[in-house]
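Notes to accompany the following structure.
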Amino acid sequence: MNKENHQVLLEIKDLHKEYDTRTVLDGIHLRVHKGEVIVVLGPSGCGKSTLLRCLNGLESIQGGDIQFDGESLIGPNVDWQKTRQKIGMVFQNYELFPHMTVIENILLGPIKVQKREKKEVMDQATQLLEKVGLSDRKDSYPRQLSGGQKQRIAIVRALCMNPEIMLFDEVTAALDPEMVREVLDVILGLAKQGMTMMIVTHEMGFAQAVADRILFIDEGKVCEMSEPKEFFTNPKTERAQQFLNIFQF
Amino acid sequence: MQNLGINVLFEGTTLQRLFEGLMMTAGIAFISIIIGSFLGIGMGLLRTSKSGIVQFICRFYLEVFRIIPILVWLFIVYFGVTNALDIHLDGEIVAVIVFSLWGAAEMGDIVRGALESLPKHQIESGKAIGLSFWGLYRYVLIPQAVRRMLPGAINLSTRMVKTTSLVVMIGVIDVIKVGQQIIERSVIKVPTASFWVYGLIFILYFIICYPLSKLSKKLEAKWEN
Ligand SMILES: Nc1ncnc2c1ncn2[C@@H]1O[C@H](COP(=O)(O)OP(=O)(O)OP(=O)(O)O)[C@@H](O)[C@H]1O
Ligand SMILES: [Mg+2]
């Protein structure tokens, strides 16, 4: 499905990021349209996580611009607290708060940050938990859950803030293989509902299934940007070919 | 019954006086622990600050309390500071001041250790749901840090209770001082008086400190699962 004529939600222009003196992102350009799913691929250390972290203000950048909903996210005057409510992020490591139950984890942001009505949030949380098949684990603590369950809760926690875009950074990388599926299914479901997403993953089958476009990064540069079918069957660059070969035995 | 030394404890107001002395000891320790904990949490937060100057000052403050014995601190404040400022402070007040400041320094170190031991992604996932700086500390970091710092904090508290025995040196009538007075008064009649009196004081200290360590074990176990 072509979503290129949808409204642009996120625009990255000539993004430069350095750690000390090492350039990690080197002139990234990207436009993410509403409802679009971008899967970010690339070898380890190429800067995928860094890219997502820059979008959420977890890293400072050294050059270029990021615009979200038409507003720049660069400079000292960005209200990150407000922006982060619209940009949901789920990380590789289970990052639920261990001292809170599942439902407390989910309600913290909507109630304490967004100051919403508890009842209304509770209804939404219940619905979302049902959707990911975990409505019976409301009062569990994170340590009582499996890795896959924790990641599904982390996704619900982010969704309950009603974000406009979701960022996923290798959310299945730390999971046992049999739990990968249940998490990916949730993300696939979100794609079907039209959620705008940027996804970093090493699951190639999933990437092909979920992506509208593949962004292939190598050494901090956009190496290739194409539709999944084309990328996987007919990669234009040698680096992308080499990268894909790693996943074939 | 004359030669039963233990009776020295039950003569006249002896028990009551020992109890009052104990309350003085426990009171100074308790108030200092409370004040020290609050100051210590602030100190611990400051010590995780990125500013080098703030870190240096806090670190210096802690080392000053570690290097100079508490007894010397009591003398400095009781004799030195009051003299220099030409004010009078009761020994009890001086004791509370010194123990609170010491408690703040050590508690700050414990809080810092607990905060720094929290995984970094806890901070990031807190930020990712839009929590403010204070929200992050209030809902995410401090509740987790409190659990981690509890053993150290209780250990510090028992150390503070025990160290209050120094306050006798600045004229505070604590449980040990009362004990000495009782022994002096009765040692001619009852040669074993010091055994019985100090024996009781030993038990009294145990009664204060033991519940603390019991409490810490209990809370640890509770938060474990
Ligand atoms: N905090 C940091 N300080 C210094 N260098 C860093 C830091 N974080 C990441 N890097 C470096 O930046 C580069 C990009 O890292 P990044 O984590 O974005 O890679 P990645 O594409 O997500 O890799 P992976 O697939 O292994 O997760 C790497 O070379 C890494 O060593
Ligand atoms: Mg990464």
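A note on labels: chains of the structure tokens are A, B, ... as shown, every chain counts residues from 1, and ligands are counted from 1 in their shown order.
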
With only C-alpha atoms and all ligand atoms counted, collect every polymer residue having an atom within 8 Å of ligand 2; state the result as a ChimeraX atom specification. /A:44-45,47-50,169-170,200

What are the residues of chain B that have an atom within 6 Å of an atom of chain A, counting only C-alpha atoms, as a list in words? Ala128, Ile129 and Gly130 of chain B

Go ahead and dump the residues you just picked, all heavy atoms, as a JSON list (two decimals), in the first residue's frame.
```json
[["chain", "number", "residue", "atom", "x", "y", "z"],
["B", 128, "ALA", "N", 10.67, 7.93, 28.56],
["B", 128, "ALA", "CA", 9.92, 7.62, 27.35],
["B", 128, "ALA", "C", 8.41, 7.75, 27.56],
["B", 128, "ALA", "O", 7.68, 7.95, 26.59],
["B", 128, "ALA", "CB", 10.28, 6.23, 26.83],
["B", 129, "ILE", "N", 7.92, 7.61, 28.79],
["B", 129, "ILE", "CA", 6.49, 7.83, 28.97],
["B", 129, "ILE", "C", 6.21, 9.25, 29.42],
["B", 129, "ILE", "O", 5.11, 9.56, 29.90],
["B", 129, "ILE", "CB", 5.84, 6.82, 29.95],
["B", 129, "ILE", "CG1", 6.51, 6.86, 31.31],
["B", 129, "ILE", "CG2", 5.84, 5.42, 29.39],
["B", 129, "ILE", "CD1", 5.72, 6.11, 32.37],
["B", 130, "GLY", "N", 7.21, 10.12, 29.28],
["B", 130, "GLY", "CA", 6.96, 11.55, 29.47],
["B", 130, "GLY", "C", 7.09, 12.03, 30.90],
["B", 130, "GLY", "O", 6.67, 13.13, 31.23]]
```

Per residue of chain A within 12 Å of ligand 1, what are the shortest atom pair and its distance in Å to one decimal, counting only C-alpha atoms and all ligand atoms, with rows by chain and residue number, as a Markdown table?
```
| residue | atom | partner | partner_atom_place_in_ligand_line | distance |
| --- | --- | --- | --- | --- |
| A:Lys17 | CA | ligand 1 | 12 (O) | 9.1 |
| A:Glu18 | CA | ligand 1 | 12 (O) | 8.1 |
| A:Tyr19 | CA | ligand 1 | 4 (C) | 4.9 |
| A:Asp20 | CA | ligand 1 | 4 (C) | 7.1 |
| A:Thr21 | CA | ligand 1 | 4 (C) | 9.4 |
| A:Arg22 | CA | ligand 1 | 5 (N) | 7.7 |
| A:Thr23 | CA | ligand 1 | 12 (O) | 8.0 |
| A:Val24 | CA | ligand 1 | 12 (O) | 5.2 |
| A:Leu25 | CA | ligand 1 | 14 (C) | 7.8 |
| A:Asp26 | CA | ligand 1 | 14 (C) | 11.1 |
| A:Val40 | CA | ligand 1 | 21 (O) | 9.1 |
| A:Leu41 | CA | ligand 1 | 21 (O) | 8.1 |
| A:Gly42 | CA | ligand 1 | 21 (O) | 6.4 |
| A:Pro43 | CA | ligand 1 | 25 (O) | 6.0 |
| A:Ser44 | CA | ligand 1 | 25 (O) | 3.5 |
| A:Gly45 | CA | ligand 1 | 19 (O) | 3.4 |
| A:Cys46 | CA | ligand 1 | 21 (O) | 4.0 |
| A:Gly47 | CA | ligand 1 | 18 (O) | 3.1 |
| A:Lys48 | CA | ligand 1 | 21 (O) | 3.7 |
| A:Ser49 | CA | ligand 1 | 22 (O) | 3.6 |
| A:Thr50 | CA | ligand 1 | 18 (O) | 3.6 |
| A:Leu51 | CA | ligand 1 | 18 (O) | 6.4 |
| A:Leu52 | CA | ligand 1 | 18 (O) | 8.2 |
| A:Arg53 | CA | ligand 1 | 18 (O) | 8.2 |
| A:Cys54 | CA | ligand 1 | 18 (O) | 9.7 |
| A:Leu58 | CA | ligand 1 | 1 (N) | 10.4 |
| A:Glu59 | CA | ligand 1 | 1 (N) | 8.6 |
| A:Ser60 | CA | ligand 1 | 1 (N) | 10.8 |
| A:Phe91 | CA | ligand 1 | 27 (O) | 10.5 |
| A:Gln92 | CA | ligand 1 | 27 (O) | 8.9 |
| A:Asn93 | CA | ligand 1 | 27 (O) | 11.3 |
| A:Phe168 | CA | ligand 1 | 22 (O) | 11.3 |
| A:Asp169 | CA | ligand 1 | 22 (O) | 7.8 |
| A:Glu170 | CA | ligand 1 | 27 (O) | 7.5 |
| A:Val171 | CA | ligand 1 | 27 (O) | 10.7 |
| A:Thr172 | CA | ligand 1 | 27 (O) | 11.9 |
| A:Ala173 | CA | ligand 1 | 27 (O) | 9.3 |
| A:Ala174 | CA | ligand 1 | 27 (O) | 11.3 |
| A:Ile199 | CA | ligand 1 | 22 (O) | 11.4 |
| A:Val200 | CA | ligand 1 | 22 (O) | 8.1 |
| A:Thr201 | CA | ligand 1 | 25 (O) | 8.3 |
| A:His202 | CA | ligand 1 | 25 (O) | 8.0 |
| A:Glu203 | CA | ligand 1 | 25 (O) | 11.8 |
| A:Phe216 | CA | ligand 1 | 21 (O) | 10.4 |
| A:Ile217 | CA | ligand 1 | 21 (O) | 8.1 |
| A:Asp218 | CA | ligand 1 | 21 (O) | 8.5 |
| A:Glu219 | CA | ligand 1 | 14 (C) | 8.2 |
| A:Gly220 | CA | ligand 1 | 14 (C) | 7.6 |
| A:Lys221 | CA | ligand 1 | 21 (O) | 11.1 |
```

Selection near Phe38 in chain B, 10 Å with only C-alpha atoms, sequence-local residues under 2 positions removed, as an MDAnalysis selection string: chainID B and resid 32:36 40:44 100 103:104 107:108

DSSP-assigned alpha helix (DSSP H) among range 102-180 of chain A, expressed as a PDB file with N, CA, C and O atoms, in the first residue's frame:
```pdb
ATOM      1  N   VAL A 102       1.497  -4.774  36.821  1.00  0.00           N
ATOM      2  CA  VAL A 102       1.265  -4.523  35.408  1.00  0.00           C
ATOM      3  C   VAL A 102       0.385  -3.293  35.212  1.00  0.00           C
ATOM      4  O   VAL A 102       0.716  -2.374  34.459  1.00  0.00           O
ATOM      5  N   ILE A 103      -0.723  -3.256  35.937  1.00  0.00           N
ATOM      6  CA  ILE A 103      -1.663  -2.163  35.702  1.00  0.00           C
ATOM      7  C   ILE A 103      -1.090  -0.836  36.193  1.00  0.00           C
ATOM      8  O   ILE A 103      -1.277   0.217  35.572  1.00  0.00           O
ATOM      9  N   GLU A 104      -0.327  -0.876  37.292  1.00  0.00           N
ATOM     10  CA  GLU A 104       0.315   0.355  37.771  1.00  0.00           C
ATOM     11  C   GLU A 104       1.329   0.872  36.748  1.00  0.00           C
ATOM     12  O   GLU A 104       1.444   2.071  36.517  1.00  0.00           O
ATOM     13  N   ASN A 105       2.054  -0.057  36.145  1.00  0.00           N
ATOM     14  CA  ASN A 105       2.979   0.317  35.081  1.00  0.00           C
ATOM     15  C   ASN A 105       2.260   1.043  33.952  1.00  0.00           C
ATOM     16  O   ASN A 105       2.715   2.062  33.456  1.00  0.00           O
ATOM     17  N   ILE A 106       1.106   0.493  33.581  1.00  0.00           N
ATOM     18  CA  ILE A 106       0.384   1.049  32.438  1.00  0.00           C
ATOM     19  C   ILE A 106      -0.240   2.400  32.787  1.00  0.00           C
ATOM     20  O   ILE A 106      -0.242   3.321  31.977  1.00  0.00           O
ATOM     21  N   LEU A 107      -0.757   2.524  34.007  1.00  0.00           N
ATOM     22  CA  LEU A 107      -1.485   3.745  34.358  1.00  0.00           C
ATOM     23  C   LEU A 107      -0.579   4.922  34.704  1.00  0.00           C
ATOM     24  O   LEU A 107      -1.025   6.074  34.672  1.00  0.00           O
ATOM     25  N   LEU A 108       0.672   4.647  35.048  1.00  0.00           N
ATOM     26  CA  LEU A 108       1.552   5.725  35.537  1.00  0.00           C
ATOM     27  C   LEU A 108       1.593   6.926  34.592  1.00  0.00           C
ATOM     28  O   LEU A 108       1.333   8.056  35.003  1.00  0.00           O
ATOM     29  N   LYS A 118      -8.904   8.362  35.915  1.00  0.00           N
ATOM     30  CA  LYS A 118      -8.479   6.989  36.144  1.00  0.00           C
ATOM     31  C   LYS A 118      -9.419   5.980  35.472  1.00  0.00           C
ATOM     32  O   LYS A 118      -8.973   5.010  34.871  1.00  0.00           O
ATOM     33  N   LYS A 119     -10.716   6.258  35.552  1.00  0.00           N
ATOM     34  CA  LYS A 119     -11.673   5.289  35.030  1.00  0.00           C
ATOM     35  C   LYS A 119     -11.520   5.115  33.522  1.00  0.00           C
ATOM     36  O   LYS A 119     -11.497   4.000  33.013  1.00  0.00           O
ATOM     37  N   GLU A 120     -11.379   6.243  32.864  1.00  0.00           N
ATOM     38  CA  GLU A 120     -11.264   6.202  31.406  1.00  0.00           C
ATOM     39  C   GLU A 120      -9.992   5.455  30.986  1.00  0.00           C
ATOM     40  O   GLU A 120     -10.012   4.608  30.096  1.00  0.00           O
ATOM     41  N   VAL A 121      -8.877   5.742  31.672  1.00  0.00           N
ATOM     42  CA  VAL A 121      -7.617   5.073  31.354  1.00  0.00           C
ATOM     43  C   VAL A 121      -7.722   3.579  31.636  1.00  0.00           C
ATOM     44  O   VAL A 121      -7.239   2.742  30.879  1.00  0.00           O
ATOM     45  N   MET A 122      -8.390   3.279  32.748  1.00  0.00           N
ATOM     46  CA  MET A 122      -8.553   1.883  33.142  1.00  0.00           C
ATOM     47  C   MET A 122      -9.296   1.109  32.050  1.00  0.00           C
ATOM     48  O   MET A 122      -8.912  -0.007  31.706  1.00  0.00           O
ATOM     49  N   ASP A 123     -10.346   1.722  31.507  1.00  0.00           N
ATOM     50  CA  ASP A 123     -11.100   1.065  30.436  1.00  0.00           C
ATOM     51  C   ASP A 123     -10.212   0.805  29.236  1.00  0.00           C
ATOM     52  O   ASP A 123     -10.210  -0.287  28.662  1.00  0.00           O
ATOM     53  N   GLN A 124      -9.448   1.834  28.881  1.00  0.00           N
ATOM     54  CA  GLN A 124      -8.567   1.683  27.724  1.00  0.00           C
ATOM     55  C   GLN A 124      -7.523   0.594  27.983  1.00  0.00           C
ATOM     56  O   GLN A 124      -7.273  -0.260  27.137  1.00  0.00           O
ATOM     57  N   ALA A 125      -6.944   0.613  29.184  1.00  0.00           N
ATOM     58  CA  ALA A 125      -5.916  -0.369  29.532  1.00  0.00           C
ATOM     59  C   ALA A 125      -6.491  -1.779  29.469  1.00  0.00           C
ATOM     60  O   ALA A 125      -5.867  -2.709  28.937  1.00  0.00           O
ATOM     61  N   THR A 126      -7.711  -1.925  29.982  1.00  0.00           N
ATOM     62  CA  THR A 126      -8.347  -3.239  29.977  1.00  0.00           C
ATOM     63  C   THR A 126      -8.527  -3.747  28.545  1.00  0.00           C
ATOM     64  O   THR A 126      -8.240  -4.904  28.237  1.00  0.00           O
ATOM     65  N   GLN A 127      -9.000  -2.837  27.684  1.00  0.00           N
ATOM     66  CA  GLN A 127      -9.186  -3.219  26.272  1.00  0.00           C
ATOM     67  C   GLN A 127      -7.877  -3.640  25.627  1.00  0.00           C
ATOM     68  O   GLN A 127      -7.793  -4.653  24.939  1.00  0.00           O
ATOM     69  N   LEU A 128      -6.834  -2.824  25.868  1.00  0.00           N
ATOM     70  CA  LEU A 128      -5.540  -3.110  25.254  1.00  0.00           C
ATOM     71  C   LEU A 128      -4.972  -4.431  25.779  1.00  0.00           C
ATOM     72  O   LEU A 128      -4.441  -5.239  25.018  1.00  0.00           O
ATOM     73  N   LEU A 129      -5.122  -4.662  27.080  1.00  0.00           N
ATOM     74  CA  LEU A 129      -4.621  -5.906  27.663  1.00  0.00           C
ATOM     75  C   LEU A 129      -5.341  -7.094  27.056  1.00  0.00           C
ATOM     76  O   LEU A 129      -4.749  -8.146  26.795  1.00  0.00           O
ATOM     77  N   GLU A 130      -6.619  -6.927  26.817  1.00  0.00           N
ATOM     78  CA  GLU A 130      -7.391  -7.992  26.202  1.00  0.00           C
ATOM     79  C   GLU A 130      -6.842  -8.298  24.809  1.00  0.00           C
ATOM     80  O   GLU A 130      -6.667  -9.445  24.432  1.00  0.00           O
ATOM     81  N   LYS A 131      -6.558  -7.219  24.093  1.00  0.00           N
ATOM     82  CA  LYS A 131      -6.062  -7.379  22.727  1.00  0.00           C
ATOM     83  C   LYS A 131      -4.753  -8.158  22.674  1.00  0.00           C
ATOM     84  O   LYS A 131      -4.517  -8.918  21.737  1.00  0.00           O
ATOM     85  N   GLY A 147       9.320 -13.282  29.365  1.00  0.00           N
ATOM     86  CA  GLY A 147       9.864 -12.185  28.566  1.00  0.00           C
ATOM     87  C   GLY A 147       8.873 -11.665  27.533  1.00  0.00           C
ATOM     88  O   GLY A 147       8.699 -10.464  27.371  1.00  0.00           O
ATOM     89  N   GLY A 148       8.204 -12.599  26.857  1.00  0.00           N
ATOM     90  CA  GLY A 148       7.251 -12.193  25.825  1.00  0.00           C
ATOM     91  C   GLY A 148       6.076 -11.432  26.422  1.00  0.00           C
ATOM     92  O   GLY A 148       5.605 -10.439  25.853  1.00  0.00           O
ATOM     93  N   GLN A 149       5.637 -11.891  27.594  1.00  0.00           N
ATOM     94  CA  GLN A 149       4.535 -11.176  28.260  1.00  0.00           C
ATOM     95  C   GLN A 149       4.972  -9.779  28.670  1.00  0.00           C
ATOM     96  O   GLN A 149       4.234  -8.805  28.502  1.00  0.00           O
ATOM     97  N   LYS A 150       6.196  -9.684  29.174  1.00  0.00           N
ATOM     98  CA  LYS A 150       6.695  -8.371  29.582  1.00  0.00           C
ATOM     99  C   LYS A 150       6.732  -7.406  28.403  1.00  0.00           C
ATOM    100  O   LYS A 150       6.347  -6.240  28.523  1.00  0.00           O
ATOM    101  N   GLN A 151       7.193  -7.890  27.261  1.00  0.00           N
ATOM    102  CA  GLN A 151       7.271  -7.005  26.111  1.00  0.00           C
ATOM    103  C   GLN A 151       5.885  -6.592  25.635  1.00  0.00           C
ATOM    104  O   GLN A 151       5.683  -5.460  25.214  1.00  0.00           O
ATOM    105  N   ARG A 152       4.923  -7.505  25.716  1.00  0.00           N
ATOM    106  CA  ARG A 152       3.568  -7.129  25.307  1.00  0.00           C
ATOM    107  C   ARG A 152       3.004  -6.071  26.259  1.00  0.00           C
ATOM    108  O   ARG A 152       2.336  -5.129  25.833  1.00  0.00           O
ATOM    109  N   ILE A 153       3.319  -6.212  27.555  1.00  0.00           N
ATOM    110  CA  ILE A 153       2.884  -5.189  28.517  1.00  0.00           C
ATOM    111  C   ILE A 153       3.570  -3.858  28.210  1.00  0.00           C
ATOM    112  O   ILE A 153       2.944  -2.781  28.269  1.00  0.00           O
ATOM    113  N   ALA A 154       4.868  -3.925  27.888  1.00  0.00           N
ATOM    114  CA  ALA A 154       5.590  -2.686  27.579  1.00  0.00           C
ATOM    115  C   ALA A 154       4.941  -1.992  26.382  1.00  0.00           C
ATOM    116  O   ALA A 154       4.842  -0.758  26.340  1.00  0.00           O
ATOM    117  N   ILE A 155       4.487  -2.775  25.421  1.00  0.00           N
ATOM    118  CA  ILE A 155       3.815  -2.190  24.258  1.00  0.00           C
ATOM    119  C   ILE A 155       2.492  -1.549  24.680  1.00  0.00           C
ATOM    120  O   ILE A 155       2.183  -0.419  24.301  1.00  0.00           O
ATOM    121  N   VAL A 156       1.748  -2.255  25.517  1.00  0.00           N
ATOM    122  CA  VAL A 156       0.478  -1.693  25.999  1.00  0.00           C
ATOM    123  C   VAL A 156       0.739  -0.402  26.767  1.00  0.00           C
ATOM    124  O   VAL A 156       0.018   0.590  26.612  1.00  0.00           O
ATOM    125  N   ARG A 157       1.779  -0.403  27.592  1.00  0.00           N
ATOM    126  CA  ARG A 157       2.085   0.799  28.376  1.00  0.00           C
ATOM    127  C   ARG A 157       2.325   1.996  27.452  1.00  0.00           C
ATOM    128  O   ARG A 157       1.843   3.093  27.698  1.00  0.00           O
ATOM    129  N   ALA A 158       3.066   1.753  26.375  1.00  0.00           N
ATOM    130  CA  ALA A 158       3.323   2.848  25.434  1.00  0.00           C
ATOM    131  C   ALA A 158       2.041   3.249  24.705  1.00  0.00           C
ATOM    132  O   ALA A 158       1.754   4.431  24.520  1.00  0.00           O
ATOM    133  N   LEU A 159       1.242   2.252  24.305  1.00  0.00           N
ATOM    134  CA  LEU A 159       0.015   2.547  23.541  1.00  0.00           C
ATOM    135  C   LEU A 159      -1.010   3.316  24.355  1.00  0.00           C
ATOM    136  O   LEU A 159      -1.775   4.120  23.812  1.00  0.00           O
ATOM    137  N   PRO A 177      12.985 -18.017  21.371  1.00  0.00           N
ATOM    138  CA  PRO A 177      12.338 -18.071  20.050  1.00  0.00           C
ATOM    139  C   PRO A 177      10.829 -18.303  20.109  1.00  0.00           C
ATOM    140  O   PRO A 177      10.080 -17.689  19.345  1.00  0.00           O
ATOM    141  N   GLU A 178      10.379 -19.128  21.041  1.00  0.00           N
ATOM    142  CA  GLU A 178       8.931 -19.437  21.018  1.00  0.00           C
ATOM    143  C   GLU A 178       8.077 -18.266  21.495  1.00  0.00           C
ATOM    144  O   GLU A 178       6.859 -18.303  21.404  1.00  0.00           O
ATOM    145  N   MET A 179       8.734 -17.220  22.033  1.00  0.00           N
ATOM    146  CA  MET A 179       7.950 -16.070  22.486  1.00  0.00           C
ATOM    147  C   MET A 179       8.000 -14.914  21.506  1.00  0.00           C
ATOM    148  O   MET A 179       7.301 -13.917  21.678  1.00  0.00           O
ATOM    149  N   VAL A 180       8.830 -15.058  20.490  1.00  0.00           N
ATOM    150  CA  VAL A 180       8.991 -13.965  19.528  1.00  0.00           C
ATOM    151  C   VAL A 180       7.671 -13.702  18.814  1.00  0.00           C
ATOM    152  O   VAL A 180       7.212 -12.577  18.693  1.00  0.00           O
TER     153      VAL A 180
END
```

Tell me which protein, DNA and RNA residues are within 12 Å of Ser186 in chain B, counting only C-alpha atoms, leaving out same-chain ones fewer than 5 positions away, and put them as a PyMOL selection string. chain B and resi 5-9+11-12+14+179-181+191-194+196-197

Expected file: the selected residues, N, CA and C atoms, as a short mmCIF file (atom, residue, chain, number, x, y, z; two decimals), in the first residue's frame:
```cif
data_model
loop_
_atom_site.label_atom_id
_atom_site.label_comp_id
_atom_site.auth_asym_id
_atom_site.auth_seq_id
_atom_site.Cartn_x
_atom_site.Cartn_y
_atom_site.Cartn_z
N GLY B 5 23.49 -9.40 94.18
CA GLY B 5 23.84 -8.14 93.54
C GLY B 5 22.76 -7.60 92.62
N ILE B 6 21.97 -8.51 92.04
CA ILE B 6 20.98 -8.06 91.06
C ILE B 6 19.98 -7.09 91.67
N ASN B 7 19.84 -7.18 93.00
CA ASN B 7 18.89 -6.29 93.66
C ASN B 7 19.24 -4.82 93.49
N VAL B 8 20.51 -4.57 93.17
CA VAL B 8 20.92 -3.19 92.98
C VAL B 8 20.05 -2.52 91.91
N LEU B 9 19.54 -3.31 91.00
CA LEU B 9 18.73 -2.76 89.91
C LEU B 9 17.34 -2.36 90.37
N GLU B 11 16.48 -1.21 93.43
CA GLU B 11 16.42 -0.31 94.58
C GLU B 11 15.92 1.07 94.17
N GLY B 12 15.05 1.62 94.97
CA GLY B 12 14.62 3.00 94.76
C GLY B 12 14.21 3.28 93.33
N THR B 14 16.18 3.36 90.69
CA THR B 14 17.24 2.94 89.77
C THR B 14 16.72 2.60 88.38
N GLY B 179 24.02 4.74 84.50
CA GLY B 179 24.57 3.49 85.01
C GLY B 179 25.79 3.74 85.88
N GLN B 180 26.68 4.60 85.42
CA GLN B 180 27.89 4.90 86.19
C GLN B 180 27.53 5.51 87.53
N GLN B 181 26.55 6.42 87.51
CA GLN B 181 26.16 7.05 88.77
C GLN B 181 25.64 6.01 89.76
N PRO B 191 29.45 -5.04 95.69
CA PRO B 191 30.65 -5.04 94.83
C PRO B 191 30.37 -5.46 93.39
N THR B 192 29.31 -6.25 93.17
CA THR B 192 29.05 -6.72 91.80
C THR B 192 28.14 -5.76 91.03
N ALA B 193 27.92 -4.58 91.55
CA ALA B 193 26.96 -3.66 90.93
C ALA B 193 27.28 -3.40 89.47
N SER B 194 28.55 -3.21 89.15
CA SER B 194 28.87 -2.85 87.76
C SER B 194 28.49 -3.97 86.80
N TRP B 196 25.96 -6.04 87.10
CA TRP B 196 24.51 -6.05 86.89
C TRP B 196 24.05 -4.85 86.08
N VAL B 197 24.61 -3.68 86.41
CA VAL B 197 24.15 -2.48 85.72
C VAL B 197 24.56 -2.52 84.25
#
```

Who sits within 6 Å of Phe68 in chain A, only C-alpha atoms, same chain under 2 positions skipped, as a PyMOL selection string: chain A and resi 9-10+70-71

Go ahead and save the residues from that selection, with all heavy atoms, as a compact mmCIF listing (two decimals), in the first residue's frame.
```txt
# COMPACT_ATOMS: atom_id res chain seq x y z
N LEU A 9 4.44 12.85 9.00
CA LEU A 9 4.37 12.97 10.46
C LEU A 9 5.74 13.29 11.05
O LEU A 9 5.88 14.08 11.96
CB LEU A 9 3.85 11.65 11.05
CG LEU A 9 3.64 11.63 12.56
CD1 LEU A 9 2.60 12.65 12.98
CD2 LEU A 9 3.22 10.23 13.01
N LEU A 10 6.75 12.65 10.46
CA LEU A 10 8.10 12.79 11.01
C LEU A 10 9.06 13.02 9.86
O LEU A 10 9.02 12.30 8.87
CB LEU A 10 8.47 11.51 11.75
CG LEU A 10 9.86 11.43 12.36
CD1 LEU A 10 9.95 12.31 13.60
CD2 LEU A 10 10.19 9.99 12.72
N GLY A 70 5.41 18.79 12.17
CA GLY A 70 5.73 20.14 11.72
C GLY A 70 6.53 20.98 12.70
O GLY A 70 6.86 22.13 12.42
N GLU A 71 6.86 20.40 13.86
CA GLU A 71 7.63 21.18 14.83
C GLU A 71 9.02 20.58 15.02
O GLU A 71 9.17 19.36 15.11
CB GLU A 71 6.91 21.20 16.18
CG GLU A 71 5.83 22.25 16.25
CD GLU A 71 5.09 22.22 17.58
OE1 GLU A 71 5.77 22.12 18.62
OE2 GLU A 71 3.85 22.27 17.55
```

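Comparing the minimum interatomic distances between Val172 in chain B and each of B:Ile208, B:Phe19, B:Asp90, B:Ile57, counting only C-alpha atoms, we find that B:Asp90 sits nearest.
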
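Comparing B:Ile201, B:Val161, B:Leu215, B:Ile170 by their smallest distance to Phe30 in chain B, the closest is B:Val161 (using only C-alpha atoms).
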
Who sits within 12 Å of Asp65 in chain A, only C-alpha atoms, same chain under 4 positions skipped, as an NGL selection string: :A and (10-17 or 27-31 or 54-55 or 60-61 or 70-75)

Restricted to C-alpha atoms, what would the selected residues look like written as a CSV table (one decimal), in the first residue's frame?
```csv
chain,number,residue,atom,x,y,z
A,10,LEU,CA,8.1,12.8,11.0
A,11,GLU,CA,10.8,14.3,8.9
A,12,ILE,CA,14.5,13.8,9.5
A,13,LYS,CA,16.8,16.1,7.6
A,14,ASP,CA,20.6,15.6,7.3
A,15,LEU,CA,20.9,14.2,10.8
A,16,HIS,CA,24.4,14.0,12.2
A,17,LYS,CA,25.2,12.3,15.5
A,27,GLY,CA,23.5,12.7,7.1
A,28,ILE,CA,20.3,10.6,7.6
A,29,HIS,CA,17.3,11.8,5.6
A,30,LEU,CA,13.9,10.2,6.1
A,31,ARG,CA,10.2,11.1,5.8
A,54,CYS,CA,17.6,10.7,18.8
A,55,LEU,CA,13.9,10.8,17.7
A,60,SER,CA,21.6,14.9,21.6
A,61,ILE,CA,22.5,15.5,18.0
A,70,GLY,CA,5.7,20.1,11.7
A,71,GLU,CA,7.6,21.2,14.8
A,72,SER,CA,11.4,21.0,15.2
A,73,LEU,CA,12.8,18.7,17.9
A,74,ILE,CA,16.1,20.4,17.9
A,75,GLY,CA,17.3,23.1,20.4
```

Gap from CA of Gln16 in chain B to CA of Lys177 in chain B - Å, one decimal: 13.8 Å

Excluding Arg17 in chain B and any residue of its chain fewer than 6 positions from it, enumerate the residues within 10 Å of it, using only C-alpha atoms, and give them as a ChimeraX atom specification. /B:23,174-175,178-179,182

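The two atoms in question, CA of Val77 in chain B and CA of Leu89 in chain B, are spaced 8.9 Å apart.
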
So how many Å separate CA of Ile38 in chain A and CA of Asp212 in chain A, to one decimal? 6.1 Å
